[in-house]
Amino acid sequence: MKAPEDRPKADGMSEELHSDLRHAARRWFGKEIDALNEAESRVLRNAKHRSVLARRPFEQNGGSQTFGERLADQVATFGGSWTFIILFGVFLVLWTGANVWLLSQPFDPYPFIFLNLMLSMVAALQAPIIMMSQNRQALKDRENAALDYEVNLKAEIEIMALHDKLDAMREEHLAGLFAQQKEQIDLLTRLLAERGGDRKNDS
């Protein structure tokens, strides 16, 4: 029986909140709330609810990576390290040295056709894997940039709202001072008028 009575209150709060959001959208963005994009709308709601906007990248997607994505990142990390360069250089030196000087019957004599074939296959596989990792990194960078924009926008809104509150407090304080000053002037005027009347009566 209480649920129907509580529903109008919830609807009233929702309408009040929506009205506040419309006013805030006009105040901070200079346009209607329906014209805000997704980022601006999210920033406005977070600022209105005083909720934290900062988050880790990919957090909204669960932050999970598939096996292929993890493998691509590891291959790209290892392929761009000095460890890979040194190990691959040692492998090339051993391969060419063994086929030129050490073995009487080299399995891959000069000009190392089999080695060139393997290097071509490694490059053909490594290039798209590295591109996959770079695409993921580019996606992370775009999300970081979008997140930085939202955080900066929210901070700007909070600062402007703080300035508005300070201005309102100052205006209220000045209004109080003016009211006190007016009361004091009225009191002095009455006192002077009473004193002037007393002097006339004495004379």
# chains A, B, ... in the order shown; residues from 1 in each chain; ligands from 1
>>> residues_around(residues="region 108-121 of chain A", least_positions_apart="5", cutoff="8 Å", atoms="only C-alpha atoms", output="PyMOL selection string")
chain A and resi 96+99-100
>>> write_last_selection(atoms="N, CA and C atoms", output="CSV table (one decimal), in the first residue's frame")
chain,number,residue,atom,x,y,z
A,96,THR,N,75.3,-18.4,-39.6
A,96,THR,CA,76.2,-18.1,-40.7
A,96,THR,C,77.6,-18.6,-40.5
A,99,ASN,N,77.7,-22.4,-41.0
A,99,ASN,CA,77.6,-22.8,-42.4
A,99,ASN,C,78.8,-22.4,-43.3
A,100,VAL,N,79.5,-21.4,-42.8
A,100,VAL,CA,80.7,-20.9,-43.6
A,100,VAL,C,82.0,-21.6,-43.2
>>> closest_residue(among="A:Thr189, A:Asn144, A:Gln181, A:Ser41", to="Arg22 (chain A)", atoms="only C-alpha atoms")
A:Ser41
>>> select_by_dssp(residues="region 13-179 of chain A", states="alpha helix (DSSP H)", output="number ranges by chain")
A: 13-24, 38-49, 67-79, 82-97, 113-179
>>> write_last_selection(atoms="C-alpha atoms", output="tab-separated table (two decimals), in the first residue's frame")
chain	number	residue	atom	x	y	z
A	13	MET	CA	12.67	13.83	-7.27
A	14	SER	CA	13.41	12.59	-10.76
A	15	GLU	CA	11.70	15.59	-12.32
A	16	GLU	CA	13.55	17.92	-9.97
A	17	LEU	CA	16.87	16.28	-10.81
A	18	HIS	CA	16.11	16.46	-14.52
A	19	SER	CA	15.24	20.13	-14.14
A	20	ASP	CA	18.54	20.73	-12.34
A	21	LEU	CA	20.40	18.91	-15.08
A	22	ARG	CA	18.67	20.99	-17.75
A	23	HIS	CA	19.61	24.17	-15.93
A	24	ALA	CA	23.20	22.97	-15.46
A	38	GLU	CA	27.72	11.08	-24.26
A	39	ALA	CA	30.86	12.40	-22.58
A	40	GLU	CA	29.30	15.75	-21.65
A	41	SER	CA	26.18	14.06	-20.31
A	42	ARG	CA	28.25	11.66	-18.20
A	43	VAL	CA	30.38	14.52	-16.86
A	44	LEU	CA	27.30	16.56	-16.01
A	45	ARG	CA	25.67	13.72	-14.08
A	46	ASN	CA	28.88	12.90	-12.22
A	47	ALA	CA	29.36	16.53	-11.28
A	48	LYS	CA	25.75	16.80	-10.13
A	49	HIS	CA	25.95	13.64	-8.02
A	67	PHE	CA	44.78	-14.97	-24.97
A	68	GLY	CA	45.55	-13.58	-28.42
A	69	GLU	CA	45.71	-10.02	-27.10
A	70	ARG	CA	48.03	-10.99	-24.27
A	71	LEU	CA	50.20	-12.97	-26.68
A	72	ALA	CA	50.36	-10.04	-29.11
A	73	ASP	CA	51.43	-7.68	-26.32
A	74	GLN	CA	54.10	-10.09	-25.11
A	75	VAL	CA	55.45	-10.68	-28.62
A	76	ALA	CA	55.55	-6.95	-29.31
A	77	THR	CA	57.25	-6.28	-25.98
A	78	PHE	CA	59.84	-8.99	-26.50
A	79	GLY	CA	60.38	-8.14	-30.17
A	82	TRP	CA	67.45	-5.47	-26.47
A	83	THR	CA	67.14	-9.07	-25.33
A	84	PHE	CA	65.54	-10.02	-28.64
A	85	ILE	CA	68.10	-8.04	-30.63
A	86	ILE	CA	71.05	-9.66	-28.84
A	87	LEU	CA	69.63	-13.19	-29.00
A	88	PHE	CA	68.69	-12.82	-32.65
A	89	GLY	CA	72.11	-11.38	-33.46
A	90	VAL	CA	73.82	-14.31	-31.73
A	91	PHE	CA	71.58	-16.73	-33.64
A	92	LEU	CA	72.48	-15.14	-36.97
A	93	VAL	CA	76.20	-15.19	-36.18
A	94	LEU	CA	76.07	-18.85	-35.14
A	95	TRP	CA	74.02	-19.81	-38.19
A	96	THR	CA	76.24	-18.07	-40.70
A	97	GLY	CA	79.46	-19.05	-38.91
A	113	ILE	CA	68.50	-19.32	-48.75
A	114	PHE	CA	66.89	-21.31	-45.94
A	115	LEU	CA	67.81	-18.61	-43.42
A	116	ASN	CA	66.26	-15.96	-45.66
A	117	LEU	CA	63.12	-18.07	-45.91
A	118	MET	CA	62.85	-18.37	-42.12
A	119	LEU	CA	63.50	-14.66	-41.64
A	120	SER	CA	60.78	-13.85	-44.16
A	121	MET	CA	58.29	-16.12	-42.38
A	122	VAL	CA	59.18	-14.65	-38.99
A	123	ALA	CA	58.76	-11.13	-40.34
A	124	ALA	CA	55.45	-12.07	-41.99
A	125	LEU	CA	54.11	-13.37	-38.67
A	126	GLN	CA	55.69	-10.77	-36.42
A	127	ALA	CA	54.47	-7.72	-38.35
A	128	PRO	CA	50.70	-8.31	-37.97
A	129	ILE	CA	51.16	-9.37	-34.34
A	130	ILE	CA	52.98	-6.11	-33.60
A	131	MET	CA	50.29	-4.19	-35.49
A	132	MET	CA	47.64	-5.86	-33.33
A	133	SER	CA	49.45	-4.71	-30.22
A	134	GLN	CA	49.85	-1.21	-31.64
A	135	ASN	CA	46.14	-1.05	-32.44
A	136	ARG	CA	45.33	-2.03	-28.87
A	137	GLN	CA	47.74	0.60	-27.58
A	138	ALA	CA	46.17	3.20	-29.86
A	139	LEU	CA	42.76	2.26	-28.48
A	140	LYS	CA	44.08	2.66	-24.94
A	141	ASP	CA	45.56	6.05	-25.84
A	142	ARG	CA	42.25	7.22	-27.29
A	143	GLU	CA	40.42	6.09	-24.17
A	144	ASN	CA	42.99	7.79	-21.96
A	145	ALA	CA	42.57	11.00	-23.95
A	146	ALA	CA	38.77	10.79	-23.68
A	147	LEU	CA	39.02	10.10	-19.95
A	148	ASP	CA	41.41	13.02	-19.46
A	149	TYR	CA	38.97	15.26	-21.34
A	150	GLU	CA	36.07	14.18	-19.12
A	151	VAL	CA	38.07	14.63	-15.92
A	152	ASN	CA	39.31	18.06	-17.02
A	153	LEU	CA	35.80	19.06	-18.05
A	154	LYS	CA	34.39	17.96	-14.69
A	155	ALA	CA	37.14	19.83	-12.87
A	156	GLU	CA	36.36	22.96	-14.88
A	157	ILE	CA	32.66	22.65	-14.06
A	158	GLU	CA	33.42	22.13	-10.37
A	159	ILE	CA	35.68	25.20	-10.34
A	160	MET	CA	33.05	27.35	-12.05
A	161	ALA	CA	30.40	26.05	-9.65
A	162	LEU	CA	32.68	26.91	-6.74
A	163	HIS	CA	33.13	30.43	-8.11
A	164	ASP	CA	29.35	30.77	-8.40
A	165	LYS	CA	28.93	29.67	-4.79
A	166	LEU	CA	31.57	32.14	-3.63
A	167	ASP	CA	29.93	34.92	-5.63
A	168	ALA	CA	26.54	34.04	-4.14
A	169	MET	CA	28.00	34.02	-0.62
A	170	ARG	CA	29.69	37.37	-1.23
A	171	GLU	CA	26.50	38.88	-2.61
A	172	GLU	CA	24.55	37.53	0.34
A	173	HIS	CA	27.14	38.94	2.73
A	174	LEU	CA	27.07	42.32	1.02
A	175	ALA	CA	23.29	42.31	1.08
A	176	GLY	CA	23.41	41.64	4.81
A	177	LEU	CA	25.90	44.45	5.32
A	178	PHE	CA	23.76	46.84	3.30
A	179	ALA	CA	20.71	45.84	5.34
>>> atom_distance(atom1="CA of Gln180 (chain A)", atom2="CA of Leu192 (chain A)")
18.1 Å
